[in-house]
Protein chains: 2
Amino acid sequence: MNIKFSKNIEELTGTATREFLKLAYEPDIITLSGGLPSSDSFPLEEIKHISKLVLDEFGTKALQYTITEGYEPLRHQIAERMNRKNKTNVSKDEILLTCGSQQGLDFSGRVFIDSGDVIICESPTYTGAINAFDVYNPTFVEIPTDENGMIMEELERVLETTDNVKMIYVIPDFQNPTGVRWSIERRIKFMEIINKYEIPVIEDNPYSELNFTGEVYPSLKSMDEKGLVIFLGTFSKILCPGYRIGWVCAPEEILKKYIYVKQRADLQSSTIAPIEISKFIELYDLDAHIESVNELYKKRKDIMIKTMKEEFPPEVKYTNPDGGLFLWIELPENLKATELIKDCLKEKVAYMSGDSFFPNGGKLNYIRLNFSSNPEDKIIEGIKKIGKVLREHIK
Amino acid sequence: MNIKFSKNIEELTGTATREFLKLAYEPDIITLSGGLPSSDSFPLEEIKHISKLVLDEFGTKALQYTITEGYEPLRHQIAERMNRKNKTNVSKDEILLTCGSQQGLDFSGRVFIDSGDVIICESPTYTGAINAFDVYNPTFVEIPTDENGMIMEELERVLETTDNVKMIYVIPDFQNPTGVRWSIERRIKFMEIINKYEIPVIEDNPYSELNFTGEVYPSLKSMDEKGLVIFLGTFSKILCPGYRIGWVCAPEEILKKYIYVKQRADLQSSTIAPIEISKFIELYDLDAHIESVNELYKKRKDIMIKTMKEEFPPEVKYTNPDGGLFLWIELPENLKATELIKDCLKEKVAYMSGDSFFPNGGKLNYIRLNFSSNPEDKIIEGIKKIGKVLREHIK
């Protein structure tokens, strides 16, 4: 049998993140590779209470079809929280509920990318976004980053010299994979440049509330005067991912394209899950819950950094993020993370090698570690194991 | 601001089904236009019991990420049910959970269609499938149908004379929009033809269990010897749509393409909803539940047909389906359903005009009616109103 698939699909394989997720189900491996929020942090008792309440109050309405845009009171609450937390000025009519923010990424690819279009992104950038966009055959142009985010001189240079830039994809807050947060100066400069070139921006924002400092930076969306910024948010990291509820926030004339795509893609997300989340926000203090999550994650990140200082050879550099779920390791250039992983798996510890975070490939000496999903003793044990492997290779 | 969207998206508008769904929220209109299952039929008390049970038993695991394929015990139960109900011989490894079967349609478009490929379908066919596939720019070839389904001589003629047929999309059981079920002879002939030409078939199967006769016909999938049939199923019509859980059943080498697409599209469907559905199947009698749904729908269909006989002019023809949610009306050729709807809306009754069920357009004298979602008194009232409008136009 010789089934003919579409051209874009013929060569498709499993994504790195999803293949690595399978490791999380092998019980004897310490997985610092995943991107899971900590299950300990999910407000289980409150969710039990709410799931009963919603079925009692809404009855079969919670189980019926609903509108594509999703449950209106939740969209109102999302807009209110964004305006408070991300300094925006948006309304429920600019919000579409999606199946996690991954669906927001996929839809962004569909809405903007024709084969051959140029997409600008940070280097490195989120591998799940690369996978989502790649299906639509763009050319990626990577802009270098440092500890303050994307380097604006490089962005300007590329925009000056490149014709068909269709969209720019960025994660300004506690980026996946580096954990870097863009400085306020970079944000201001970025929006100056964007307003000049008038190019749509996908601001992927799953982590801004996972902030260990208390100091909030304005979102790009809050500085958007021309209606160019599309903001992607999610409840996966601040409440729980199992509901699969995220959102797209965009100016109405852009959002309607996303709505039309969703009508074709899956009609609507869950009816009941958004009602439950809405009730949670109504009855409990989501902000206080996120604060307690941040306390937990900061402790775990601190113990990871402390152990790395003790165990890693001095040639190994790494970020020390003020939020998010990940930190980023740079190995000496001659070492390949894709090779070292074999020795680490023998030691029963897994990391995610950094190569899949570069859309144009070629960079093999980077590692992403997750600090949110393991308890402190496992983090210490895992880092010690990685340290042992690193010391064997760096002498 | 002149935002440049992708070429496929530039001209996209809202889909007919979703625009019509909005009517369902206007309280004074009798909506015979929708495709909603009856809310009265949802097993609310059982679902209340189960939603508590699942959180008690699974705890935070029900709220965490899971694998893309979806909850394994439910996939096992789906395979077992298909083997029993649809006479197939499949295993859980051939099942991927999706966000309703609409997502299965969208993924089928992605997996198979390149711009310009020929897609064969019934005439008429499901408007939601047309919308899903249309984004990928195929050419639709419609094959005429009669009361026994697709006309096989026409299918053979098209396959003999057409080169780049990429896939065939059919709904053999109680089709949306006509309610027609393919005869066993047509099914056998269809599979003979397919085996000869070796073309992938999407068997869209949301309605086979909504069967008012008790007589079960074998699915195309059950007669598939060469691994060509992709079966789409859903819990939306036999349990409730609010969970948004459907499935794709395909040979593993085809299914893996769907899995790779889902990894990019939304990572996974809900974690908790499939566990709840699995528990429902484990603890309650889903077959008995569906029987009670069928009793309800058959009564409603019968009263609709009875009222149509009394109220409609004899020039108006219609199907009298043995299952599903819909029946199909053929008006005299000079009448336009797209025009009559205005008079009907004035009378506070809505139907779905049939034009959107023909991918190549041009047929305006058809109407789809839904008999599942309204109580009997509303059905009688609605049909009387439509009858009045029809009598005014047919003299």
# chains A, B, ... in the order shown; residues from 1 in each chain; ligands from 1
$ select_by_dssp --residues "region 14-260 of chain A" --states "alpha helix (DSSP H)" --output "NGL selection string"
:A and (16-23 or 44-58 or 72-85 or 100-112 or 127-134 or 152-161 or 184-197 or 252-260)
$ select_by_dssp --residues "region 124-321 of chain A" --states "strand (DSSP E)" --output "number ranges by chain"
A: 139-146, 149-150, 165-170, 201-204, 229-234, 246-249, 317-318
$ closest_residue --among "A:Asp163, A:Asp322, A:Glu392, A:Glu311" --to "Ser208 (chain A)" --atoms "only C-alpha atoms"
A:Asp322
$ interface_residues --of "chain A" --to "chain B" --cutoff "6 Å" --atoms "only C-alpha atoms" --output "JSON list (two decimals) with N, CA and C atoms, in the first residue's frame"
[["chain", "number", "residue", "atom", "x", "y", "z"],
["A", 5, "PHE", "N", 0.42, 11.07, 1.37],
["A", 5, "PHE", "CA", 0.04, 12.12, 2.31],
["A", 5, "PHE", "C", 0.26, 13.48, 1.65],
["A", 6, "SER", "N", -0.15, 14.55, 2.35],
["A", 6, "SER", "CA", 0.12, 15.89, 1.81],
["A", 6, "SER", "C", 1.62, 16.15, 1.94],
["A", 9, "ILE", "N", 3.18, 16.91, 5.33],
["A", 9, "ILE", "CA", 3.04, 15.88, 6.35],
["A", 9, "ILE", "C", 4.00, 14.71, 6.09],
["A", 14, "GLY", "N", 7.65, 12.81, 15.27],
["A", 14, "GLY", "CA", 7.24, 13.24, 16.60],
["A", 14, "GLY", "C", 8.05, 14.45, 17.04],
["A", 39, "SER", "N", 2.56, 18.99, 40.03],
["A", 39, "SER", "CA", 1.22, 18.51, 40.38],
["A", 39, "SER", "C", 0.84, 18.90, 41.81],
["A", 60, "THR", "N", -27.24, 20.53, 32.57],
["A", 60, "THR", "CA", -26.84, 20.02, 31.24],
["A", 60, "THR", "C", -26.26, 21.11, 30.34],
["A", 63, "LEU", "N", -22.75, 20.74, 29.60],
["A", 63, "LEU", "CA", -22.38, 19.57, 28.80],
["A", 63, "LEU", "C", -22.79, 19.70, 27.33],
["A", 64, "GLN", "N", -23.46, 20.80, 26.99],
["A", 64, "GLN", "CA", -23.96, 21.03, 25.63],
["A", 64, "GLN", "C", -22.91, 21.79, 24.81],
["A", 65, "TYR", "N", -23.10, 21.88, 23.49],
["A", 65, "TYR", "CA", -22.29, 22.77, 22.67],
["A", 65, "TYR", "C", -22.42, 24.20, 23.17],
["A", 102, "GLN", "N", -0.78, 26.20, 22.91],
["A", 102, "GLN", "CA", -0.26, 25.53, 21.69],
["A", 102, "GLN", "C", -1.22, 25.74, 20.53],
["A", 103, "GLN", "N", -2.53, 25.69, 20.79],
["A", 103, "GLN", "CA", -3.48, 25.92, 19.70],
["A", 103, "GLN", "C", -3.39, 27.36, 19.19],
["A", 106, "ASP", "N", -0.50, 27.27, 16.77],
["A", 106, "ASP", "CA", -0.88, 26.65, 15.50],
["A", 106, "ASP", "C", -1.75, 27.59, 14.67],
["A", 111, "VAL", "N", -2.97, 31.56, 10.34],
["A", 111, "VAL", "CA", -3.52, 32.88, 10.02],
["A", 111, "VAL", "C", -2.52, 33.73, 9.23],
["A", 112, "PHE", "N", -1.22, 33.52, 9.51],
["A", 112, "PHE", "CA", -0.25, 34.43, 8.91],
["A", 112, "PHE", "C", 0.68, 33.83, 7.86],
["A", 113, "ILE", "N", 1.04, 32.55, 7.99],
["A", 113, "ILE", "CA", 2.17, 32.06, 7.20],
["A", 113, "ILE", "C", 1.76, 31.44, 5.87],
["A", 114, "ASP", "N", 2.32, 31.96, 4.79],
["A", 114, "ASP", "CA", 2.34, 31.27, 3.51],
["A", 114, "ASP", "C", 3.73, 30.69, 3.32],
["A", 131, "ASN", "N", 7.80, 23.94, 15.93],
["A", 131, "ASN", "CA", 7.04, 22.81, 15.38],
["A", 131, "ASN", "C", 5.71, 23.25, 14.79],
["A", 132, "ALA", "N", 5.01, 24.14, 15.52],
["A", 132, "ALA", "CA", 3.70, 24.59, 15.06],
["A", 132, "ALA", "C", 3.83, 25.37, 13.75],
["A", 240, "CYS", "N", -3.82, 24.64, 36.11],
["A", 240, "CYS", "CA", -3.44, 23.27, 35.77],
["A", 240, "CYS", "C", -3.61, 23.07, 34.26],
["A", 241, "PRO", "N", -2.80, 22.20, 33.68],
["A", 241, "PRO", "CA", -2.85, 22.02, 32.22],
["A", 241, "PRO", "C", -3.91, 21.03, 31.73],
["A", 242, "GLY", "N", -4.44, 20.18, 32.63],
["A", 242, "GLY", "CA", -5.32, 19.09, 32.21],
["A", 242, "GLY", "C", -6.62, 19.54, 31.59],
["A", 243, "TYR", "N", -7.06, 20.77, 31.91],
["A", 243, "TYR", "CA", -8.27, 21.32, 31.29],
["A", 243, "TYR", "C", -8.04, 21.73, 29.83],
["A", 244, "ARG", "N", -6.77, 21.99, 29.48],
["A", 244, "ARG", "CA", -6.42, 22.47, 28.13],
["A", 244, "ARG", "C", -7.17, 23.76, 27.77],
["A", 260, "TYR", "N", -12.64, 32.19, 12.91],
["A", 260, "TYR", "CA", -13.02, 31.43, 11.71],
["A", 260, "TYR", "C", -12.18, 30.15, 11.60],
["A", 264, "ARG", "N", -13.42, 25.87, 12.03],
["A", 264, "ARG", "CA", -13.07, 24.78, 11.14],
["A", 264, "ARG", "C", -12.21, 23.72, 11.84],
["A", 265, "ALA", "N", -11.42, 24.15, 12.83],
["A", 265, "ALA", "CA", -10.44, 23.25, 13.45],
["A", 265, "ALA", "C", -11.10, 22.31, 14.45],
["A", 266, "ASP", "N", -11.99, 22.84, 15.29],
["A", 266, "ASP", "CA", -12.62, 21.98, 16.31],
["A", 266, "ASP", "C", -13.93, 22.54, 16.86],
["A", 270, "SER", "N", -13.68, 22.84, 25.16],
["A", 270, "SER", "CA", -14.60, 22.31, 26.19],
["A", 270, "SER", "C", -15.62, 23.35, 26.64],
["A", 271, "THR", "N", -16.85, 22.92, 26.84],
["A", 271, "THR", "CA", -17.85, 23.81, 27.43],
["A", 271, "THR", "C", -17.67, 23.91, 28.94]]
$ atom_distance --atom1 "CA of Asp355 (chain B)" --atom2 "CA of Pro321 (chain B)"
20.2 Å
$ residues_around --residues "Glu154 (chain B)" --least-positions-apart "6" --cutoff "12 Å" --atoms "only C-alpha atoms" --output "list in words"
Ile120, Cys121, Glu122, Ser123, Val141, Glu142, Ile143, Pro144, Thr145, Asp146, Glu160, Thr161, Thr162, Phe190 and Ile193 of chain B
$ write_last_selection --atoms "N, CA and C atoms" --output "PDB file, in the first residue's frame"
ATOM      1  N   ILE B 120     -13.240  13.417  -3.271  1.00  0.00           N
ATOM      2  CA  ILE B 120     -14.566  12.939  -3.666  1.00  0.00           C
ATOM      3  C   ILE B 120     -15.463  12.909  -2.435  1.00  0.00           C
ATOM      4  N   CYS B 121     -16.719  13.349  -2.600  1.00  0.00           N
ATOM      5  CA  CYS B 121     -17.659  13.304  -1.480  1.00  0.00           C
ATOM      6  C   CYS B 121     -19.067  13.050  -2.010  1.00  0.00           C
ATOM      7  N   GLU B 122     -19.977  12.764  -1.092  1.00  0.00           N
ATOM      8  CA  GLU B 122     -21.379  12.636  -1.461  1.00  0.00           C
ATOM      9  C   GLU B 122     -21.957  14.015  -1.804  1.00  0.00           C
ATOM     10  N   SER B 123     -23.016  14.005  -2.576  1.00  0.00           N
ATOM     11  CA  SER B 123     -23.733  15.241  -2.896  1.00  0.00           C
ATOM     12  C   SER B 123     -25.189  15.061  -2.490  1.00  0.00           C
ATOM     13  N   VAL B 141     -15.163  16.833  -5.943  1.00  0.00           N
ATOM     14  CA  VAL B 141     -16.025  16.208  -6.938  1.00  0.00           C
ATOM     15  C   VAL B 141     -17.168  15.534  -6.190  1.00  0.00           C
ATOM     16  N   GLU B 142     -18.385  15.975  -6.469  1.00  0.00           N
ATOM     17  CA  GLU B 142     -19.569  15.465  -5.776  1.00  0.00           C
ATOM     18  C   GLU B 142     -20.150  14.272  -6.539  1.00  0.00           C
ATOM     19  N   ILE B 143     -20.452  13.200  -5.813  1.00  0.00           N
ATOM     20  CA  ILE B 143     -21.092  12.031  -6.419  1.00  0.00           C
ATOM     21  C   ILE B 143     -22.558  12.023  -5.999  1.00  0.00           C
ATOM     22  N   PRO B 144     -23.467  11.912  -6.957  1.00  0.00           N
ATOM     23  CA  PRO B 144     -24.900  11.928  -6.613  1.00  0.00           C
ATOM     24  C   PRO B 144     -25.254  10.786  -5.655  1.00  0.00           C
ATOM     25  N   THR B 145     -26.320  11.006  -4.881  1.00  0.00           N
ATOM     26  CA  THR B 145     -26.787  10.003  -3.928  1.00  0.00           C
ATOM     27  C   THR B 145     -28.273   9.776  -4.135  1.00  0.00           C
ATOM     28  N   ASP B 146     -28.759   8.605  -3.662  1.00  0.00           N
ATOM     29  CA  ASP B 146     -30.198   8.374  -3.620  1.00  0.00           C
ATOM     30  C   ASP B 146     -30.546   7.817  -2.241  1.00  0.00           C
ATOM     31  N   GLU B 160     -12.378   6.386 -12.759  1.00  0.00           N
ATOM     32  CA  GLU B 160     -11.776   5.986 -14.031  1.00  0.00           C
ATOM     33  C   GLU B 160     -11.211   7.165 -14.804  1.00  0.00           C
ATOM     34  N   THR B 161     -11.848   8.326 -14.625  1.00  0.00           N
ATOM     35  CA  THR B 161     -11.528   9.461 -15.501  1.00  0.00           C
ATOM     36  C   THR B 161     -10.805  10.603 -14.785  1.00  0.00           C
ATOM     37  N   THR B 162     -10.484  10.416 -13.505  1.00  0.00           N
ATOM     38  CA  THR B 162      -9.867  11.512 -12.755  1.00  0.00           C
ATOM     39  C   THR B 162      -8.529  11.057 -12.185  1.00  0.00           C
ATOM     40  N   PHE B 190     -18.770  -0.331  -2.733  1.00  0.00           N
ATOM     41  CA  PHE B 190     -17.845   0.782  -2.464  1.00  0.00           C
ATOM     42  C   PHE B 190     -16.455   0.248  -2.118  1.00  0.00           C
ATOM     43  N   ILE B 193     -14.566  -1.118  -5.051  1.00  0.00           N
ATOM     44  CA  ILE B 193     -14.002  -0.038  -5.874  1.00  0.00           C
ATOM     45  C   ILE B 193     -12.767   0.564  -5.206  1.00  0.00           C
TER      46      ILE B 193
END
$ closest_residue --among "A:Asp204, A:Glu156, A:Glu192, A:Asp343" --to "Gln175 (chain A)" --atoms "only C-alpha atoms"
A:Asp204
$ residues_around --residues "Leu220 (chain B)" --least-positions-apart "3" --cutoff "10 Å" --atoms "only C-alpha atoms" --output "JSON, numbers by chain"
{"B": [86, 87, 88, 170, 171, 172, 184, 187, 188, 190, 191, 201, 202, 203, 205, 217, 223, 224, 228, 229, 230, 231]}
$ residues_around --residues "region 306-308 of chain B" --least-positions-apart "3" --cutoff "8 Å" --atoms "only C-alpha atoms" --output "number ranges by chain"
B: 302-303, 311-312, 380, 383-384, 387
$ closest_residue --among "B:Gly34, B:Gly116, B:Gly354, B:Pro73" --to "Lys279 (chain B)" --atoms "only C-alpha atoms"
B:Pro73
$ residues_around --residues "region 374-376 of chain A" --least-positions-apart "2" --cutoff "6 Å" --atoms "only C-alpha atoms" --output "ChimeraX atom specification"
/A:300,378-379
$ residues_around --residues "Val118 (chain A)" --least-positions-apart "3" --cutoff "6 Å" --atoms "only C-alpha atoms" --output "ChimeraX atom specification"
/A:138-140,164-166
$ atom_distance --atom1 "CA of Asn360 (chain A)" --atom2 "CA of Gly233 (chain A)"
26.2 Å
$ decode --residues "region 23-145 of chain B" --atoms "C-alpha atoms" --output "PDB file, in the first residue's frame"
ATOM      1  CA  LEU B  23     -29.852  31.580  16.648  1.00  0.00           C
ATOM      2  CA  ALA B  24     -30.157  28.828  19.250  1.00  0.00           C
ATOM      3  CA  TYR B  25     -29.456  31.432  21.931  1.00  0.00           C
ATOM      4  CA  GLU B  26     -32.353  33.649  20.879  1.00  0.00           C
ATOM      5  CA  PRO B  27     -35.151  32.471  23.148  1.00  0.00           C
ATOM      6  CA  ASP B  28     -38.212  33.205  21.008  1.00  0.00           C
ATOM      7  CA  ILE B  29     -37.083  31.393  17.842  1.00  0.00           C
ATOM      8  CA  ILE B  30     -37.825  27.706  17.274  1.00  0.00           C
ATOM      9  CA  THR B  31     -34.507  26.450  15.944  1.00  0.00           C
ATOM     10  CA  LEU B  32     -34.853  23.431  13.702  1.00  0.00           C
ATOM     11  CA  SER B  33     -31.595  24.619  12.141  1.00  0.00           C
ATOM     12  CA  GLY B  34     -29.033  23.366  14.649  1.00  0.00           C
ATOM     13  CA  GLY B  35     -27.337  20.026  15.136  1.00  0.00           C
ATOM     14  CA  LEU B  36     -27.589  19.901  18.897  1.00  0.00           C
ATOM     15  CA  PRO B  37     -28.295  16.647  20.680  1.00  0.00           C
ATOM     16  CA  SER B  38     -31.098  16.996  23.212  1.00  0.00           C
ATOM     17  CA  SER B  39     -29.868  18.366  26.543  1.00  0.00           C
ATOM     18  CA  ASP B  40     -32.646  16.339  28.229  1.00  0.00           C
ATOM     19  CA  SER B  41     -30.817  13.220  27.150  1.00  0.00           C
ATOM     20  CA  PHE B  42     -27.536  13.941  28.966  1.00  0.00           C
ATOM     21  CA  PRO B  43     -27.066  11.656  32.006  1.00  0.00           C
ATOM     22  CA  LEU B  44     -26.514  14.534  34.438  1.00  0.00           C
ATOM     23  CA  GLU B  45     -26.769  12.659  37.733  1.00  0.00           C
ATOM     24  CA  GLU B  46     -24.355   9.966  36.568  1.00  0.00           C
ATOM     25  CA  ILE B  47     -21.882  12.605  35.355  1.00  0.00           C
ATOM     26  CA  LYS B  48     -22.099  14.399  38.717  1.00  0.00           C
ATOM     27  CA  HIS B  49     -21.265  11.145  40.454  1.00  0.00           C
ATOM     28  CA  ILE B  50     -18.385  10.421  38.107  1.00  0.00           C
ATOM     29  CA  SER B  51     -16.786  13.839  38.181  1.00  0.00           C
ATOM     30  CA  LYS B  52     -16.455  13.518  41.969  1.00  0.00           C
ATOM     31  CA  LEU B  53     -15.218   9.946  41.708  1.00  0.00           C
ATOM     32  CA  VAL B  54     -12.493  10.774  39.172  1.00  0.00           C
ATOM     33  CA  LEU B  55     -11.018  13.614  41.228  1.00  0.00           C
ATOM     34  CA  ASP B  56     -11.151  11.452  44.374  1.00  0.00           C
ATOM     35  CA  GLU B  57      -9.490   8.509  42.666  1.00  0.00           C
ATOM     36  CA  PHE B  58      -7.022  10.175  40.272  1.00  0.00           C
ATOM     37  CA  GLY B  59      -6.320  13.383  42.194  1.00  0.00           C
ATOM     38  CA  THR B  60      -3.957  15.813  40.505  1.00  0.00           C
ATOM     39  CA  LYS B  61      -3.111  13.259  37.776  1.00  0.00           C
ATOM     40  CA  ALA B  62      -6.453  14.130  36.183  1.00  0.00           C
ATOM     41  CA  LEU B  63      -5.329  17.767  35.987  1.00  0.00           C
ATOM     42  CA  GLN B  64      -1.745  17.274  34.689  1.00  0.00           C
ATOM     43  CA  TYR B  65      -0.507  16.952  31.094  1.00  0.00           C
ATOM     44  CA  THR B  66      -0.780  13.495  29.541  1.00  0.00           C
ATOM     45  CA  ILE B  67       0.288  11.756  26.321  1.00  0.00           C
ATOM     46  CA  THR B  68      -0.910  13.069  22.940  1.00  0.00           C
ATOM     47  CA  GLU B  69      -2.769   9.834  22.085  1.00  0.00           C
ATOM     48  CA  GLY B  70      -5.000  10.272  25.143  1.00  0.00           C
ATOM     49  CA  TYR B  71      -6.122   8.168  28.124  1.00  0.00           C
ATOM     50  CA  GLU B  72      -5.278   4.551  27.322  1.00  0.00           C
ATOM     51  CA  PRO B  73      -8.204   2.806  29.082  1.00  0.00           C
ATOM     52  CA  LEU B  74     -10.685   4.949  27.136  1.00  0.00           C
ATOM     53  CA  ARG B  75      -8.939   4.136  23.857  1.00  0.00           C
ATOM     54  CA  HIS B  76      -9.230   0.486  24.792  1.00  0.00           C
ATOM     55  CA  GLN B  77     -12.952   0.904  25.540  1.00  0.00           C
ATOM     56  CA  ILE B  78     -13.492   2.737  22.243  1.00  0.00           C
ATOM     57  CA  ALA B  79     -11.805  -0.087  20.312  1.00  0.00           C
ATOM     58  CA  GLU B  80     -13.918  -2.666  22.156  1.00  0.00           C
ATOM     59  CA  ARG B  81     -17.125  -0.734  21.435  1.00  0.00           C
ATOM     60  CA  MET B  82     -16.239  -0.260  17.762  1.00  0.00           C
ATOM     61  CA  ASN B  83     -15.500  -3.967  17.399  1.00  0.00           C
ATOM     62  CA  ARG B  84     -18.875  -4.775  18.928  1.00  0.00           C
ATOM     63  CA  LYS B  85     -20.970  -2.008  17.333  1.00  0.00           C
ATOM     64  CA  ASN B  86     -19.247  -1.329  14.030  1.00  0.00           C
ATOM     65  CA  LYS B  87     -18.004  -4.910  13.466  1.00  0.00           C
ATOM     66  CA  THR B  88     -14.372  -3.776  13.235  1.00  0.00           C
ATOM     67  CA  ASN B  89     -11.257  -5.512  14.508  1.00  0.00           C
ATOM     68  CA  VAL B  90      -9.171  -2.674  15.924  1.00  0.00           C
ATOM     69  CA  SER B  91      -7.041  -2.063  19.029  1.00  0.00           C
ATOM     70  CA  LYS B  92      -6.314   0.937  21.251  1.00  0.00           C
ATOM     71  CA  ASP B  93      -3.097   1.545  19.290  1.00  0.00           C
ATOM     72  CA  GLU B  94      -5.214   2.512  16.283  1.00  0.00           C
ATOM     73  CA  ILE B  95      -7.111   5.188  18.281  1.00  0.00           C
ATOM     74  CA  LEU B  96      -6.219   8.868  18.816  1.00  0.00           C
ATOM     75  CA  LEU B  97      -8.484  11.066  20.956  1.00  0.00           C
ATOM     76  CA  THR B  98      -9.418  14.389  19.347  1.00  0.00           C
ATOM     77  CA  CYS B  99     -11.343  17.541  20.202  1.00  0.00           C
ATOM     78  CA  GLY B 100     -14.650  16.319  18.773  1.00  0.00           C
ATOM     79  CA  SER B 101     -14.719  14.659  15.381  1.00  0.00           C
ATOM     80  CA  GLN B 102     -14.435  18.113  13.798  1.00  0.00           C
ATOM     81  CA  GLN B 103     -10.746  17.973  14.746  1.00  0.00           C
ATOM     82  CA  GLY B 104     -10.548  14.590  13.004  1.00  0.00           C
ATOM     83  CA  LEU B 105     -11.894  16.286   9.866  1.00  0.00           C
ATOM     84  CA  ASP B 106      -9.418  19.150  10.096  1.00  0.00           C
ATOM     85  CA  PHE B 107      -6.517  16.748  10.657  1.00  0.00           C
ATOM     86  CA  SER B 108      -7.657  14.647   7.679  1.00  0.00           C
ATOM     87  CA  GLY B 109      -7.410  17.764   5.550  1.00  0.00           C
ATOM     88  CA  ARG B 110      -3.919  18.458   6.834  1.00  0.00           C
ATOM     89  CA  VAL B 111      -2.735  14.878   6.482  1.00  0.00           C
ATOM     90  CA  PHE B 112      -3.940  14.335   2.927  1.00  0.00           C
ATOM     91  CA  ILE B 113      -4.739  17.494   0.990  1.00  0.00           C
ATOM     92  CA  ASP B 114      -2.341  19.523  -1.103  1.00  0.00           C
ATOM     93  CA  SER B 115      -3.703  22.507  -3.013  1.00  0.00           C
ATOM     94  CA  GLY B 116      -5.471  21.256  -6.166  1.00  0.00           C
ATOM     95  CA  ASP B 117      -5.962  17.644  -5.029  1.00  0.00           C
ATOM     96  CA  VAL B 118      -9.334  16.097  -5.828  1.00  0.00           C
ATOM     97  CA  ILE B 119     -11.561  15.119  -2.895  1.00  0.00           C
ATOM     98  CA  ILE B 120     -14.566  12.939  -3.666  1.00  0.00           C
ATOM     99  CA  CYS B 121     -17.659  13.304  -1.480  1.00  0.00           C
ATOM    100  CA  GLU B 122     -21.379  12.636  -1.461  1.00  0.00           C
ATOM    101  CA  SER B 123     -23.733  15.241  -2.896  1.00  0.00           C
ATOM    102  CA  PRO B 124     -24.922  16.675  -0.558  1.00  0.00           C
ATOM    103  CA  THR B 125     -22.307  16.251   2.202  1.00  0.00           C
ATOM    104  CA  TYR B 126     -21.604  17.622   5.680  1.00  0.00           C
ATOM    105  CA  THR B 127     -20.955  21.369   5.565  1.00  0.00           C
ATOM    106  CA  GLY B 128     -18.497  21.179   8.502  1.00  0.00           C
ATOM    107  CA  ALA B 129     -16.314  18.794   6.513  1.00  0.00           C
ATOM    108  CA  ILE B 130     -16.441  21.076   3.470  1.00  0.00           C
ATOM    109  CA  ASN B 131     -15.329  23.954   5.696  1.00  0.00           C
ATOM    110  CA  ALA B 132     -12.535  21.914   7.269  1.00  0.00           C
ATOM    111  CA  PHE B 133     -11.156  20.651   3.934  1.00  0.00           C
ATOM    112  CA  ASP B 134     -11.690  23.879   1.992  1.00  0.00           C
ATOM    113  CA  VAL B 135      -8.874  25.611   3.917  1.00  0.00           C
ATOM    114  CA  TYR B 136      -6.429  23.255   2.169  1.00  0.00           C
ATOM    115  CA  ASN B 137      -7.673  24.234  -1.325  1.00  0.00           C
ATOM    116  CA  PRO B 138      -8.870  20.951  -2.812  1.00  0.00           C
ATOM    117  CA  THR B 139     -11.187  20.483  -5.779  1.00  0.00           C
ATOM    118  CA  PHE B 140     -14.369  18.737  -4.664  1.00  0.00           C
ATOM    119  CA  VAL B 141     -16.025  16.208  -6.938  1.00  0.00           C
ATOM    120  CA  GLU B 142     -19.569  15.465  -5.776  1.00  0.00           C
ATOM    121  CA  ILE B 143     -21.092  12.031  -6.419  1.00  0.00           C
ATOM    122  CA  PRO B 144     -24.900  11.928  -6.613  1.00  0.00           C
ATOM    123  CA  THR B 145     -26.787  10.003  -3.928  1.00  0.00           C
TER     124      THR B 145
END
